[in-house]
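Only one structure is covered here, and it is reproduced in the block below.
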Amino acid sequence: MVSRLGSWAETVRRIPHAVSGVGRGESVMVLADQVLVSASNFLTTLILAKYLNPEDFGGFVLAWGVLVFLAGIQMALIVSPMQVRGPRLGCEDSAPYYDRVLQVALLFGLACVGVIAIPGVLLSLSIPDWTLGSLAVPLGIAALFVLAQDYLRRYFLTVRRTGSALLNDLCTHGFRLCALFLLATTSTLSAAGALWMVSAASAAALFIGIFQHEGVMRLRITQLKTAGTVARQHWEFGKWLVANNVAYWFGSQSVLYVVAAVLSVSAVGALNATLAILGAANILFLSMETLIPVRAAAEYARFGRAGLDGYLRRALLVGSLAVLILAAIAGLWSEYWLSLLFGETYRGYGWIVWWWGGYYLLGMLQRPTTAALRVVGDTKSIYLASSMGALATMVLGYPVIKHYGLGGAMLVLCLTQCFVLCSLRIRYMHTASEEHKPRLAHANE
């Protein structure tokens, strides 16, 4: 244990030097790439909510939630281990390693096609009236191409080819937005058609990426045995990250599926249309996820726990004020924003925007504590907090939504955030008390 803490402290002490060594231009390009992805997702939501009927939009949201879940699994088992192991390898070892990881990513994408499409088709045949049955095949194809493109951009960011990542994302999201807008304005847009357009955009960018990724040309079927070795190593690294992803998904996304089952698929569309009004908050959260952990670690390395707490208090104050202002602007004129963006389709749902403001504020309050736990090396507490949120959702979700409708769904989401926040704060205070606890000398010393 002492050696682990020592190595962690040494890592934290090196962070300021590592940060100073990264060129400002590269940092700006990384941030620009992340903002591009967030802005594109926001605009995609606006287009779909405006041009799809509420039931189709709700169906797309539910299908996309499955894709988000799979992307989290890929992040935990493939991308996160690659981001840690790859940069440590020398030039001779890194190329074969990245080739094996690429093979694992491709196999994972193909497995996702089968996991989604085959059960979906069988269910649609056995339950002909099942609304989401028609989305099984396009969702499976979307999983293959969207996950492959997401892996590609993160590979480029890992090997510090930020220009390649930005170019590929420009192609992906540019193609996607143009295709969806043209299809929506020239013909009738459906949830299945939207998924096919998303797949086509990612496939086009992936084709461009073949010429950017030198490892694609080195792929060999005979290398699959060594790819299995890499897969096992990544599993040992990422299995707890997978558990955290499952807990987080159940705590935040499973409510939508309960709403679809208890109320209607159209109600899911209403929830996500109102959520889009506060979409600018996602850019704020994205920036904080990029900047806070690194700066907090630097403060911890220089000034210890007091410096870490001081920086996080400042970040919490600035972030909370920004969310409060945004929530007030969105809530006070919620019906106007809904009418401006989506026409008359979601008129009368403006009250949900206030709930989303509270939800985002609670999420904002969590972020500094989450960053602090990462800095002090207590990532297990983050998983436990996510598990508390997932447990609260599973216990409260059905009965509360059954009795209180959409208001009950928002209440469950906000209560889940409260449980997660309280769990994070309690655990962080516990780590602080452990640091200051006096240690008794051994009797033989």
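Ligands are numbered from 1 in the order shown, residues from 1 within each chain, and chains are lettered A, B, ... in the order they appear in the structure tokens.
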| query | Residues at most 6 Å from Trp354 (chain A), counting only C-alpha atoms, excluding those fewer than 3 positions away in the same chain, as a PyMOL selection string? | reply | chain A and resi 331+351+357
| task | Excluding Leu321 (chain A) and any residue of its chain fewer than 4 positions from it, enumerate the residues within 12 Å of it, using only C-alpha atoms, and give them as a PyMOL selection string. | result | chain A and resi 281+284+314-317+325-328+360-361+364-365
I'd like the contact shell of Tyr349 (chain A) - 8 Å cut-off, only C-alpha atoms, skipping same-chain residues fewer than 4 positions apart - returned as an mmCIF file with N, CA and C atoms, in the first residue's frame.
```
data_model
loop_
_atom_site.group_PDB
_atom_site.id
_atom_site.type_symbol
_atom_site.label_atom_id
_atom_site.label_comp_id
_atom_site.auth_asym_id
_atom_site.auth_seq_id
_atom_site.Cartn_x
_atom_site.Cartn_y
_atom_site.Cartn_z
ATOM 1 N N ALA A 270 -40.600 14.214 -25.311
ATOM 2 C CA ALA A 270 -40.827 15.484 -24.617
ATOM 3 C C ALA A 270 -39.721 15.773 -23.615
ATOM 4 N N THR A 274 -37.131 19.114 -24.084
ATOM 5 C CA THR A 274 -36.940 20.147 -23.061
ATOM 6 C C THR A 274 -35.505 20.164 -22.554
ATOM 7 N N GLU A 335 -41.276 28.377 -22.566
ATOM 8 C CA GLU A 335 -42.256 28.170 -23.635
ATOM 9 C C GLU A 335 -41.834 28.880 -24.917
ATOM 10 N N VAL A 353 -38.412 22.241 -17.993
ATOM 11 C CA VAL A 353 -37.104 22.907 -18.106
ATOM 12 C C VAL A 353 -36.579 23.293 -16.724
#
```
| Polymer residues at most 12 Å from Ile78 (chain A), only C-alpha atoms, same-chain spacing of 6 or more positions, as a ChimeraX atom specification | /A:70-72,84-86,97-98,100-109,147-148,150-152,154-155,227,230-239,241-242
| request: Measure the distance from CA of Phe42 (chain A) to CA of Gly174 (chain A) in Å and round it to one decimal. | output: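 According to the coordinates, CA of Phe42 (chain A) and CA of Gly174 (chain A) are separated by 13.1 Å.
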| query | Which is closest to Thr45 (chain A) among A:Gly389, A:Gly120, A:Gly58, A:Pro399, if we use only C-alpha atoms? | reply |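 Closest to Thr45 (chain A) of all the choices is A:Gly58.
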| All residues 9 Å or closer to region 424-429 of chain A, only C-alpha atoms, same chain fewer than 5 positions away omitted, as a PyMOL selection string | chain A and resi 366+369-370+372-373+378+381-382+384-385+419+434
Can you spit out the residues from that selection as a PDB file, in the first residue's frame, using C-alpha atoms?
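Once written, part_7.pdb looks like this:
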```
ATOM      1  CA  GLN A 366     -20.744  16.758  -8.090  1.00  0.00           C
ATOM      2  CA  THR A 369     -15.724  16.398  -5.673  1.00  0.00           C
ATOM      3  CA  THR A 370     -15.373  13.783  -8.396  1.00  0.00           C
ATOM      4  CA  ALA A 372     -10.850  15.653  -6.049  1.00  0.00           C
ATOM      5  CA  LEU A 373     -11.399  11.919  -5.534  1.00  0.00           C
ATOM      6  CA  ASP A 378      -9.904   7.147  -4.572  1.00  0.00           C
ATOM      7  CA  SER A 381     -15.672   5.946  -4.256  1.00  0.00           C
ATOM      8  CA  ILE A 382     -16.833   7.301  -7.614  1.00  0.00           C
ATOM      9  CA  LEU A 384     -19.815   3.425  -5.199  1.00  0.00           C
ATOM     10  CA  ALA A 385     -21.551   6.777  -5.631  1.00  0.00           C
ATOM     11  CA  PHE A 419     -27.856  10.503  -3.577  1.00  0.00           C
ATOM     12  CA  GLU A 434      -7.905   9.478   7.054  1.00  0.00           C
TER      13      GLU A 434
END
```
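Each of A:Thr345, A:Ser287, A:Thr188, A:Ser202 was checked against Arg176 (chain A) using only C-alpha atoms; the smallest atom-to-atom distance is that of A:Ser202.
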| message | With only C-alpha atoms as the counted atoms, please give the residues lying no more than 10 Å from Ala63 (chain A), apart from itself and same-chain residues fewer than 4 positions off, as a ChimeraX atom specification. | response | /A:57-59,67-68,116,132,135-136,138-140,191-192,195
| Counting only C-alpha atoms, which of A:Val268, A:Phe207, A:Tyr311, A:Ala111 gets nearest to Cys171 (chain A)? |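 Of A:Val268, A:Phe207, A:Tyr311, A:Ala111, the one nearest Cys171 (chain A) is A:Phe207, counting only C-alpha atoms.
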| message | I want to know what sits within 8 Å of Gln417 (chain A), based on only C-alpha atoms, with residues of the same chain fewer than 2 positions away left out; could you give that as a ChimeraX atom specification? | response | /A:359,362-363,389,413-415,419-421
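Between Ala203 (chain A) and the residues A:Leu256, A:Ala184, A:Ile141, A:Ala392, the shortest atom-to-atom distance, using only C-alpha atoms, involves A:Ile141.
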| query | Hey, which of A:Met394, A:Leu182, A:Val400, A:Ile329 ends up closest to Ala280 (chain A)? Count only C-alpha atoms. | reply |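 For Ala280 (chain A), the nearest of the given residues is A:Ile329.
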